[in-house]
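Participant: Provided below: protein.txt, containing compact mmCIF, C-alpha atoms.
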```txt
# COMPACT_ATOMS: atom_id res chain seq x y z
CA MET A 1092 85.66 88.74 115.84
CA VAL A 1093 87.99 86.29 114.08
CA ALA A 1094 89.48 85.35 117.46
CA ALA A 1095 86.01 85.01 119.03
CA ARG A 1096 84.86 82.74 116.20
CA SER A 1097 87.87 80.43 116.55
CA LEU A 1098 87.79 80.28 120.35
CA SER A 1099 84.04 79.68 120.58
CA ARG A 1100 84.67 76.06 119.51
CA LYS A 1101 86.29 75.40 122.87
CA TYR A 1102 85.47 78.28 125.23
CA ASN A 1103 82.52 80.38 126.33
CA VAL A 1104 83.24 83.64 124.56
CA VAL A 1105 82.01 87.18 125.26
CA LEU A 1106 82.85 89.93 122.77
CA LEU A 1107 82.64 93.55 123.92
CA GLU A 1108 82.44 96.23 121.19
CA ALA A 1109 82.66 99.93 122.04
CA LEU A 1110 80.79 101.11 118.93
CA ARG A 1111 77.06 100.85 118.23
CA ARG A 1112 77.86 98.41 115.44
CA PHE A 1113 80.35 95.61 114.92
CA GLY A 1114 83.27 95.84 112.54
CA GLY A 1115 85.34 98.78 113.77
CA ARG A 1116 87.00 100.41 110.77
CA ILE A 1117 85.07 98.14 108.42
CA HIS A 1118 81.93 100.16 107.69
CA THR A 1119 79.80 99.60 104.58
CA ILE A 1120 76.85 101.93 104.02
CA LYS A 1121 74.03 100.80 101.74
CA LYS A 1122 72.38 103.58 99.79
CA ASP A 1123 68.56 103.63 100.03
CA GLY A 1124 66.68 102.66 96.88
CA THR A 1125 69.81 101.60 95.00
CA ASN A 1126 72.13 98.63 94.72
CA GLN A 1127 75.02 100.92 95.46
CA HIS A 1128 77.09 100.84 98.62
CA ILE A 1129 80.07 102.82 99.83
CA GLU A 1130 82.94 101.89 102.10
CA GLY A 1131 83.63 104.26 104.96
CA GLY A 1132 86.67 102.33 106.11
CA ALA A 1133 88.46 99.25 104.76
CA GLU A 1134 87.75 98.86 101.06
CA PHE A 1135 90.44 96.85 99.26
CA ILE A 1136 91.78 93.32 99.55
CA HIS A 1137 95.48 93.96 98.98
CA GLY A 1138 97.62 91.33 97.26
CA LYS A 1139 97.17 87.63 97.94
CA ALA A 1140 95.67 88.16 101.42
CA ILE A 1141 95.39 84.42 101.96
CA GLU A 1142 93.47 84.47 105.26
CA THR A 1143 91.02 87.15 104.09
CA ILE A 1144 90.26 85.18 100.91
CA LYS A 1145 89.73 82.02 102.96
CA LEU A 1146 87.13 83.77 105.11
CA LEU A 1147 85.39 85.33 102.13
CA LYS A 1148 85.08 81.95 100.45
CA LEU A 1149 83.80 80.40 103.66
CA ALA A 1150 81.18 83.14 103.85
CA GLY A 1151 80.26 82.66 100.18
CA LEU A 1152 81.22 86.24 99.31
CA LYS A 1153 82.47 87.13 95.85
CA TYR A 1154 85.17 89.67 95.15
CA THR A 1155 86.23 91.53 91.99
CA LYS A 1156 89.61 92.66 90.74
CA VAL A 1157 90.25 96.40 90.82
CA VAL A 1158 91.18 97.76 87.38
CA GLY A 1159 91.98 101.10 85.80
CA LYS A 1160 94.94 103.27 84.90
CA PHE A 1161 96.90 105.32 87.42
CA TYR A 1162 96.94 109.07 86.64
CA ARG A 1163 99.33 111.52 88.27
CA LYS A 1164 99.20 115.33 88.32
CA LYS A 1165 102.25 116.64 86.50
CA LYS A 1166 102.40 120.44 86.46
CA LYS A 1167 98.88 121.31 85.25
CA LEU A 1168 98.15 118.05 83.45
CA LEU A 1169 96.90 114.62 84.45
CA VAL A 1170 99.19 112.06 82.85
CA ALA A 1171 98.82 108.29 82.73
CA ASP A 1172 101.49 106.87 85.02
CA GLU A 1173 102.15 103.87 82.79
CA ASP A 1174 105.89 104.11 83.21
CA MET A 1175 107.58 104.12 86.57
CA MET A 1176 108.49 107.53 87.95
CA GLU A 1177 111.96 108.51 86.77
CA GLY A 1178 114.43 107.46 89.45
CA TRP A 1179 111.94 105.19 91.24
CA GLU A 1180 113.96 102.02 90.55
CA ASP A 1181 117.07 103.73 91.90
CA LEU A 1182 115.12 104.71 95.01
CA LEU A 1183 113.96 101.13 95.61
CA GLN A 1184 117.46 99.81 94.97
CA GLN A 1185 118.94 102.15 97.56
CA MET A 1186 116.18 101.20 100.01
CA SER A 1187 116.99 97.51 99.54
CA GLU A 1188 120.67 98.10 100.32
CA LEU A 1189 119.99 100.00 103.52
CA GLU A 1190 121.75 98.21 106.40
CA GLU A 1191 120.46 100.20 109.35
CA ASP A 1192 116.84 101.34 109.30
CA MET A 1193 115.99 105.05 109.35
CA THR A 1194 113.00 107.29 108.79
CA LEU A 1195 111.96 108.19 105.24
CA ASN A 1196 112.90 111.86 105.63
CA ASN A 1197 116.36 110.93 106.89
CA PHE A 1198 116.73 108.43 104.06
CA LEU A 1199 115.82 110.98 101.37
CA ALA A 1200 118.11 113.58 102.93
CA SER A 1201 120.97 111.07 103.02
CA TYR A 1202 120.70 109.58 99.53
CA PHE A 1203 118.47 111.81 97.36
CA ALA A 1204 119.12 115.36 98.53
CA GLU A 1205 120.20 116.80 95.17
CA GLU A 1206 117.99 119.27 93.32
CA SER A 1207 117.60 116.79 90.45
CA TYR A 1208 115.69 114.45 92.80
CA GLN A 1209 113.09 117.05 93.82
CA ASP A 1210 110.20 115.38 91.94
CA LEU A 1211 111.26 111.93 93.14
CA ARG A 1212 111.34 113.08 96.77
CA ARG A 1213 107.91 114.64 96.48
CA HIS A 1214 106.52 111.50 94.84
CA ALA A 1215 107.95 109.29 97.62
CA LEU A 1216 106.57 111.56 100.33
CA GLU A 1217 103.14 111.69 98.67
CA PHE A 1218 103.05 107.90 98.49
CA ALA A 1219 104.08 107.51 102.13
CA GLU A 1220 101.54 110.04 103.37
CA GLY A 1221 98.81 109.36 100.83
CA PHE A 1222 98.64 105.55 100.93
CA ASP A 1223 100.60 104.48 104.02
CA ILE A 1224 99.18 107.45 106.03
CA ALA A 1225 102.63 107.72 107.55
CA ASP A 1226 104.59 110.59 109.04
CA PRO A 1227 107.84 110.81 106.97
CA ASP A 1228 109.69 111.79 110.16
CA LYS A 1229 108.63 108.53 111.82
CA VAL A 1230 108.00 105.81 109.22
CA SER A 1231 110.55 103.03 108.69
CA THR A 1232 112.24 103.08 105.28
CA LYS A 1233 112.74 99.31 105.35
CA SER A 1234 109.03 98.74 105.94
CA LEU A 1235 108.16 101.01 103.01
CA TYR A 1236 110.56 99.10 100.77
CA LYS A 1237 108.96 95.82 101.82
CA GLU A 1238 105.58 97.15 100.68
CA TRP A 1239 106.55 99.29 97.67
CA SER A 1240 108.73 96.63 96.06
CA LYS A 1241 105.83 94.20 95.84
CA GLN A 1242 103.37 95.01 93.07
CA SER A 1243 99.99 93.70 94.21
CA THR A 1244 96.63 93.15 92.59
CA ASP A 1245 93.75 94.57 94.62
CA HIS A 1246 90.16 93.36 94.87
CA ARG A 1247 86.88 94.58 96.38
CA VAL A 1248 84.15 92.58 98.09
CA ASP A 1249 81.20 92.77 95.68
CA VAL A 1250 78.53 93.50 98.30
CA GLY A 1251 80.81 95.38 100.69
CA TYR A 1252 83.23 94.40 103.46
CA SER A 1253 80.54 94.52 106.16
CA ALA A 1254 79.04 91.34 104.70
CA LEU A 1255 82.07 89.55 106.14
CA ILE A 1256 81.30 91.06 109.55
CA ASP A 1257 77.68 89.86 109.27
CA PHE A 1258 78.95 86.34 108.57
CA LEU A 1259 81.23 86.40 111.62
CA ILE A 1260 78.45 87.72 113.89
CA GLN A 1261 76.09 84.95 112.81
CA ASP A 1262 78.74 82.26 113.16
CA ILE A 1263 79.83 83.37 116.64
CA ARG A 1264 76.24 83.45 117.87
CA GLN A 1265 75.50 80.03 116.42
CA ARG A 1266 78.45 78.68 118.39
CA GLY A 1267 77.06 80.15 121.62
CA GLY A 1268 79.17 83.28 121.79
CA LYS A 1269 77.72 86.45 123.30
CA LEU A 1270 78.26 89.79 121.56
CA TYR A 1271 77.56 93.24 122.99
CA THR A 1272 77.76 96.66 121.33
CA GLU A 1273 78.18 99.99 123.15
CA ALA A 1274 80.21 98.08 125.74
CA ILE A 1275 83.01 100.57 126.42
CA VAL A 1276 85.58 98.92 128.65
CA ASN A 1277 87.32 101.28 131.05
CA THR A 1278 89.00 98.87 133.51
CA ILE A 1279 90.75 95.51 133.18
CA ASP A 1280 91.85 94.07 136.52
CA TRP A 1281 94.18 91.09 136.01
CA GLN A 1282 95.74 90.74 139.46
CA GLY A 1283 93.43 87.99 140.76
CA GLN A 1284 92.83 84.44 139.54
CA GLN A 1285 90.40 85.75 136.94
CA VAL A 1286 90.38 88.84 134.77
CA VAL A 1287 87.67 91.32 135.81
CA ILE A 1288 86.45 93.68 133.06
CA LYS A 1289 84.30 96.73 133.82
CA THR A 1290 82.53 99.04 131.38
CA ILE A 1291 81.63 102.71 131.74
CA ASP A 1292 77.97 101.76 132.33
CA HIS A 1293 79.01 99.68 135.38
CA GLN A 1294 78.67 96.24 133.79
CA THR A 1295 81.16 93.63 135.06
CA TYR A 1296 82.49 90.57 133.23
CA THR A 1297 84.89 87.91 134.49
CA ALA A 1298 87.03 85.60 132.41
CA ASP A 1299 89.99 83.26 132.58
CA LYS A 1300 91.65 85.07 129.69
CA CYS A 1301 91.17 88.35 127.85
CA ILE A 1302 92.20 89.30 124.31
CA ILE A 1303 92.53 93.05 123.75
CA THR A 1304 92.06 94.08 120.11
CA VAL A 1305 91.66 97.84 120.41
CA PRO A 1306 93.30 100.11 117.79
CA ILE A 1307 96.93 100.89 118.58
CA GLY A 1308 95.98 104.54 119.15
CA ILE A 1309 93.98 103.56 122.23
CA LEU A 1310 96.96 101.74 123.74
CA GLN A 1311 99.21 104.71 122.95
CA ASN A 1312 97.14 107.20 124.90
CA PRO A 1313 95.96 105.98 128.32
CA LYS A 1314 94.35 109.39 129.00
CA SER A 1315 91.90 109.10 126.10
CA LEU A 1316 88.78 106.95 126.04
CA ALA A 1317 91.09 104.11 126.94
CA ILE A 1318 91.45 101.14 129.22
CA GLN A 1319 92.92 101.44 132.69
CA PHE A 1320 94.85 98.31 133.59
CA GLN A 1321 95.14 97.14 137.18
CA PRO A 1322 98.01 96.67 137.88
CA PRO A 1323 99.28 99.19 135.28
CA ILE A 1324 101.26 98.00 132.25
CA PRO A 1325 103.51 100.99 131.41
CA GLU A 1326 105.94 98.88 129.37
CA TYR A 1327 103.15 97.91 126.98
CA HIS A 1328 101.90 101.48 126.60
CA ALA A 1329 105.47 102.61 125.91
CA ALA A 1330 105.85 99.86 123.29
CA ALA A 1331 102.60 100.92 121.59
CA ARG A 1332 103.97 104.45 121.22
CA LYS A 1333 106.87 103.06 119.17
CA ILE A 1334 104.41 101.95 116.48
CA GLY A 1335 103.18 104.55 114.00
CA TYR A 1336 99.44 105.19 113.94
CA GLY A 1337 98.31 107.18 110.93
CA LYS A 1338 95.41 109.56 110.56
CA VAL A 1339 92.98 109.32 107.66
CA ILE A 1340 89.95 111.17 106.32
CA LYS A 1341 87.92 109.61 103.55
CA VAL A 1342 85.28 111.33 101.42
CA VAL A 1343 82.96 109.50 99.03
CA LEU A 1344 81.29 111.68 96.40
CA THR A 1345 78.49 110.54 94.09
CA PHE A 1346 77.86 112.50 90.89
CA ARG A 1347 75.19 112.60 88.19
CA SER A 1348 77.72 111.42 85.66
CA ARG A 1349 81.44 110.77 85.29
CA PHE A 1350 83.63 113.73 84.32
CA TRP A 1351 86.90 111.79 84.44
CA LYS A 1352 88.50 109.42 81.92
CA LYS A 1353 86.59 106.14 81.74
CA ASP A 1354 89.78 104.07 82.00
CA ALA A 1355 90.93 105.85 85.19
CA GLY A 1356 91.31 103.81 88.36
CA PHE A 1357 93.45 106.02 90.59
CA PHE A 1358 94.57 109.64 90.70
CA LEU A 1359 97.42 111.17 92.68
CA GLY A 1360 97.52 114.95 93.10
CA HIS A 1361 99.20 117.46 95.40
CA ASP A 1362 96.32 119.08 97.33
CA ALA A 1363 94.76 118.30 100.75
CA PHE A 1364 92.96 115.23 99.40
CA SER A 1365 95.80 113.98 97.26
CA ALA A 1366 94.64 110.43 96.42
CA TRP A 1367 91.40 109.62 94.58
CA TRP A 1368 89.96 106.48 93.04
CA THR A 1369 87.00 105.34 90.98
CA GLN A 1370 84.81 102.24 91.29
CA LEU A 1371 86.16 100.44 88.20
CA PRO A 1372 85.25 97.95 86.86
CA SER A 1373 81.89 99.40 87.99
CA ALA A 1374 80.87 102.47 85.97
CA ALA A 1375 79.24 104.09 89.04
CA PRO A 1376 79.85 107.88 89.00
CA VAL A 1377 81.59 107.78 92.39
CA LEU A 1378 84.94 109.20 93.44
CA THR A 1379 86.61 108.42 96.76
CA GLY A 1380 89.03 110.99 98.13
CA TRP A 1381 91.71 110.26 100.69
CA ALA A 1382 93.75 112.49 102.98
CA GLY A 1383 96.34 110.63 104.99
CA GLY A 1384 99.12 111.22 107.48
CA LEU A 1385 99.97 114.78 108.51
CA LYS A 1386 97.44 116.26 106.08
CA ALA A 1387 94.64 114.30 107.74
CA GLU A 1388 95.90 115.31 111.17
CA ASP A 1389 95.69 118.99 110.20
CA LEU A 1390 92.23 118.53 108.62
CA SER A 1391 90.76 116.53 111.53
CA ILE A 1392 89.58 119.62 113.40
CA PHE A 1393 87.16 120.65 110.63
CA SER A 1394 83.46 119.83 110.30
CA ALA A 1395 82.19 117.39 107.68
CA GLU A 1396 80.82 120.31 105.64
CA LEU A 1397 84.15 122.10 105.60
CA LEU A 1398 85.98 118.87 104.74
CA LEU A 1399 83.61 118.47 101.77
CA GLU A 1400 84.59 121.97 100.60
CA LYS A 1401 88.27 121.09 100.87
CA ALA A 1402 87.68 117.83 98.97
CA ILE A 1403 85.94 119.71 96.14
CA ALA A 1404 88.79 122.23 96.06
CA SER A 1405 91.22 119.30 95.72
CA LEU A 1406 89.18 117.87 92.83
CA SER A 1407 89.10 121.29 91.20
CA ASP A 1408 92.90 121.41 91.34
CA LEU A 1409 93.28 117.81 90.19
CA PHE A 1410 91.04 118.12 87.12
CA THR A 1411 91.60 121.87 86.50
CA MET A 1412 87.84 122.27 86.74
CA ASP A 1413 85.65 125.01 88.25
CA GLU A 1414 84.43 124.20 91.78
CA MET A 1415 80.86 125.27 90.98
CA ALA A 1416 80.77 122.87 88.01
CA ILE A 1417 81.77 120.03 90.33
CA LYS A 1418 79.14 121.01 92.92
CA GLU A 1419 76.42 121.09 90.26
CA LEU A 1420 77.21 117.46 89.38
CA LEU A 1421 77.32 116.32 93.02
CA VAL A 1422 74.23 114.40 94.23
CA ASP A 1423 75.43 112.71 97.45
CA TRP A 1424 78.42 112.75 99.79
CA GLU A 1425 79.80 111.14 102.93
CA VAL A 1426 82.78 112.13 105.07
CA PHE A 1427 84.55 109.67 107.38
CA ASN A 1428 86.87 111.39 109.86
CA TRP A 1429 88.15 108.44 111.88
CA GLN A 1430 90.07 110.62 114.35
CA THR A 1431 86.80 111.88 115.86
CA GLU A 1432 85.68 108.36 116.83
CA ARG A 1433 86.92 108.17 120.42
CA SER A 1434 87.26 104.39 120.43
CA ILE A 1435 89.42 104.43 117.26
CA LEU A 1436 91.35 107.74 117.07
CA GLY A 1437 92.83 107.20 113.60
CA GLY A 1438 93.23 105.01 110.53
CA TYR A 1439 95.75 102.20 110.77
CA SER A 1440 99.30 101.49 111.82
CA TYR A 1441 102.66 101.77 110.09
CA ALA A 1442 106.14 100.66 111.16
CA THR A 1443 108.82 102.91 112.63
CA PRO A 1444 112.47 101.88 113.07
CA GLU A 1445 111.55 100.92 116.65
CA THR A 1446 108.46 98.86 115.83
CA ALA A 1447 110.17 95.44 115.73
CA THR A 1448 111.27 95.83 119.36
CA ALA A 1449 107.79 97.06 120.34
CA LEU A 1450 106.09 94.07 118.70
CA ASN A 1451 108.22 91.66 120.73
CA ILE A 1452 106.73 93.18 123.88
CA LEU A 1453 103.12 93.56 122.71
CA ASN A 1454 102.96 90.04 121.32
CA THR A 1455 104.05 88.63 124.69
CA PRO A 1456 101.01 87.73 126.86
CA ILE A 1457 100.85 89.07 130.41
CA ASN A 1458 100.75 86.19 132.90
CA GLU A 1459 99.06 84.10 130.17
CA LYS A 1460 95.92 86.10 131.02
CA LEU A 1461 96.09 89.20 128.84
CA PHE A 1462 96.72 88.86 125.11
CA PHE A 1463 96.99 91.62 122.51
CA ALA A 1464 96.00 91.35 118.85
CA GLY A 1465 95.11 93.57 115.91
CA GLU A 1466 96.49 94.99 112.69
CA GLY A 1467 98.94 97.14 114.65
CA LEU A 1468 100.65 94.03 116.07
CA TYR A 1469 101.32 92.46 112.67
CA SER A 1470 104.75 92.29 111.01
CA GLY A 1471 104.14 90.58 107.63
CA ASP A 1472 103.77 91.76 104.03
CA HIS A 1473 100.30 93.33 104.39
CA PRO A 1474 100.57 96.03 107.11
CA GLY A 1475 97.56 98.18 107.96
CA THR A 1476 95.04 95.82 106.36
CA VAL A 1477 92.15 93.50 107.22
CA GLU A 1478 94.56 90.66 106.39
CA ALA A 1479 96.93 91.95 109.07
CA ALA A 1480 94.15 91.93 111.68
CA ILE A 1481 93.05 88.39 110.75
CA VAL A 1482 96.60 86.98 110.83
CA SER A 1483 97.30 88.62 114.19
CA ALA A 1484 94.08 87.16 115.63
CA LYS A 1485 94.91 83.68 114.35
CA GLN A 1486 98.43 83.81 115.81
CA THR A 1487 97.08 84.91 119.19
CA VAL A 1488 94.46 82.14 119.18
CA ALA A 1489 97.08 79.54 118.22
CA HIS A 1490 99.26 80.60 121.17
CA LEU A 1491 96.33 80.55 123.56
CA LEU A 1492 95.10 77.12 122.47
CA LYS A 1493 98.62 75.70 122.65
CA ARG A 1494 98.69 76.63 126.35
```
Starting from the file, give its structure as C-alpha cells.

Facilitator:
Amino acid sequence: MVAARSLSRKYNVVLLEALRRFGGRIHTIKKDGTNQHIEGGAEFIHGKAIETIKLLKLAGLKYTKVVGKFYRKKKKLLVADEDMMEGWEDLLQQMSELEEDMTLNNFLASYFAEESYQDLRRHALEFAEGFDIADPDKVSTKSLYKEWSKQSTDHRVDVGYSALIDFLIQDIRQRGGKLYTEAIVNTIDWQGQQVVIKTIDHQTYTADKCIITVPIGILQNPKSLAIQFQPPIPEYHAAARKIGYGKVIKVVLTFRSRFWKKDAGFFLGHDAFSAWWTQLPSAAPVLTGWAGGLKAEDLSIFSAELLLEKAIASLSDLFTMDEMAIKELLVDWEVFNWQTERSILGGYSYATPETATALNILNTPINEKLFFAGEGLYSGDHPGTVEAAIVSAKQTVAHLLKR
C-alpha cells in the first residue's frame, strides 16, 4: 500500500489483495458499544521507526508511549525485572565479538554451555522464541545482537494501526489507484513485453511492472496458496527459504477487572503462552498473550477454543492462580492464529546466517519487470516490523522510479 501510494503519482496503479480486507497482518478490531479496540496483528511502533512516524503524522494519527514494569517468572514468583538478568551483559559482549555468524543454539553451546549459565540460556531462548518468534536452530546470533543491544521505546497508535491502512486506502483512491480485495493471484507471467497477472477467479491484469509484497512464507512454499511464476524463478524461491519466517499465535483476553499489578507492562513466563502484556498507560482490564516460534508451530493445529484453554493455563501458571478464577473474570476473548490464514502462513521474518546472501538475490529485480518488497526483505535495525515493510517499499519504489 505504501508502494502503491508513492507510485500512483506517476503511474496507473492496481493493488491486488488476497484477503477480504486491506492491511495484511495489521488488523484492528473495534469492540461494539465501547471505545476499546484490540490488535490482532501488528501492535507496537518499535524504537524511532522514522518512516512509520512520518506516515502517522501525515495521517494525523496520534500515538502513545508504552509504559510499565517488566515482570519475569522466577521459580514460583513474579519478580520485577528492573535489573538486567545476571550474565546478560556478558552474553551481549560475547555476541558483539562474534566474527563468524552462527545460530543461537550453536552460540550458546559454544560459549555458555556450563551449568552455571542454565538460567541465562533459558532466558536467551525465551527471548528469541517469545519476541523474535525465531527457531534457535536457525536464527542468526549477529541479528539478535543487533536488536537486543538497542534499548528501544515502544508506542501504540491511539485508535489502532488499521487507521493508518484506512488513510492509505483513501489516499491511493484519491490519486486514481484501483484496489481490489479477495484478488488471489495464482499466476504471474513475465516472459512477454508486459506482465500478465491472473487470479484464481479467472480475472486477468496486465502491467509494465509488478511489485510482489507477499509474506516471505508464500515465496518459501510454491506448493501452498502461492504464486506460480512463468517462467519459474527457482533461485528466488531458494533464497526465500534462507530467511527465517516465524510462527505466532496471539490471544487477547478482556476481564471484568485487573488481577495483576497496576504498574505491570510486560510479563515473561515459561508456559505455552510465555509473553504477556497489558494496555498501560490505559487501565483497560486486557491482557495480550503471545506464543511464538516453535511453541506457536506446535500449537497451530488446535482450535481457537483449545488455544484459549492453553492461554488460561499459561496465565494460571504465570500468576499462580486457579484457572476457574481466571475464567470467572473473563468477559471477552479473541484468538489470532496467523498460520491458518493461507495467504499469510505465519507471523514475520527473522534473519538466519544465510539471510544476507538471500536478500541480495530477492532485492534484485527480474528483468526490471518483477520487484519484491516487504518486511522479510529488510536488513536494518527494525526487523519484523511495520517500519521494515515501509522502508522496503520505499527502497523498491526509489529503484523503480530511478529507472

Participant: Compile the contact shell of Trp1424 of chain A as a PDB file with C-alpha atoms, keeping the file's coordinate frame: residues with an atom at most 7 Å away, counting all atoms listed in the file, same-chain residues fewer than 2 positions apart removed.

Facilitator:
```pdb
ATOM      1  CA  VAL A1343      82.960 109.500  99.030  1.00  0.00           C
ATOM      2  CA  LEU A1344      81.290 111.680  96.400  1.00  0.00           C
ATOM      3  CA  THR A1345      78.490 110.540  94.090  1.00  0.00           C
ATOM      4  CA  VAL A1426      82.780 112.130 105.070  1.00  0.00           C
TER       5      VAL A1426
END
```

Participant: Give as a CSV table (one decimal) with C-alpha atoms, keeping the file's coordinate frame each residue that has an atom at most 9 Å from (88.3, 93.8, 93.2) in the file, counting all atoms listed in the file.

Facilitator:
```csv
chain,number,residue,atom,x,y,z
A,1135,PHE,CA,90.4,96.8,99.3
A,1136,ILE,CA,91.8,93.3,99.6
A,1154,TYR,CA,85.2,89.7,95.2
A,1155,THR,CA,86.2,91.5,92.0
A,1156,LYS,CA,89.6,92.7,90.7
A,1157,VAL,CA,90.2,96.4,90.8
A,1158,VAL,CA,91.2,97.8,87.4
A,1244,THR,CA,96.6,93.2,92.6
A,1245,ASP,CA,93.8,94.6,94.6
A,1246,HIS,CA,90.2,93.4,94.9
A,1247,ARG,CA,86.9,94.6,96.4
A,1248,VAL,CA,84.2,92.6,98.1
A,1249,ASP,CA,81.2,92.8,95.7
A,1371,LEU,CA,86.2,100.4,88.2
A,1372,PRO,CA,85.2,98.0,86.9
```

Participant: Counting all atoms listed in the file, figure out which residue out of A:Ile1260, A:Ala1200, A:Met1186, A:Leu1359 gets nearest to Lys1237 of chain A.

Facilitator: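 Nearest candidate to Lys1237 of chain A out of A:Ile1260, A:Ala1200, A:Met1186, A:Leu1359: A:Met1186.
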
Participant: Go ahead and compute the interatomic distance for atom CA of Gln1285 of chain A and atom CA of Ile1452 of chain A, in Å to one decimal.

Facilitator: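 Rounded to one decimal, the two atoms are 22.2 Å apart.
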
Participant: Here is a test: counting only C-alpha atoms, which residue of A:Arg1213, A:Lys1485, A:His1361, A:Arg1332 is nearest to Phe1463 of chain A?

Facilitator: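 When distances to Phe1463 of chain A are compared using only C-alpha atoms, the smallest one comes from A:Lys1485.
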
Participant: Enter the distance from atom CA of Thr1443 of chain A to atom CA of Gly1114 of chain A, in Å, rounded to one decimal.

Facilitator: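 These atoms are spaced 26.5 Å apart.
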
Participant: Which residue is closest to Glu1419 of chain A? Choose from A:Phe1258, A:Tyr1162, A:Phe1350, A:Tyr1296 and count all atoms listed in the file.

Facilitator: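 Ranked by minimum distance to Glu1419 of chain A, first place goes to A:Phe1350.
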
Participant: Residues at most 8 Å from Asn1196 of chain A, counting all atoms listed in the file, excluding those fewer than 2 positions away in the same chain, as a list of chain:residue names?

Facilitator: A:Thr1194, A:Phe1198, A:Leu1199, A:Ala1200, A:Pro1227, A:Asp1228

Participant: For atom CA of Asn1126 of chain A and atom CA of Leu1259 of chain A, quote the distance in Å rounded to one decimal.

Facilitator: 22.8 Å

Participant: Please provide as a PyMOL selection string all residues within 12 Å of Lys1333 of chain A, with the sequence filter that same-chain residues fewer than 2 positions apart are discarded (counting all atoms listed in the file).

Facilitator: chain A and resi 1229-1231+1307-1308+1310-1311+1326-1331+1335-1336+1440-1453+1467-1468
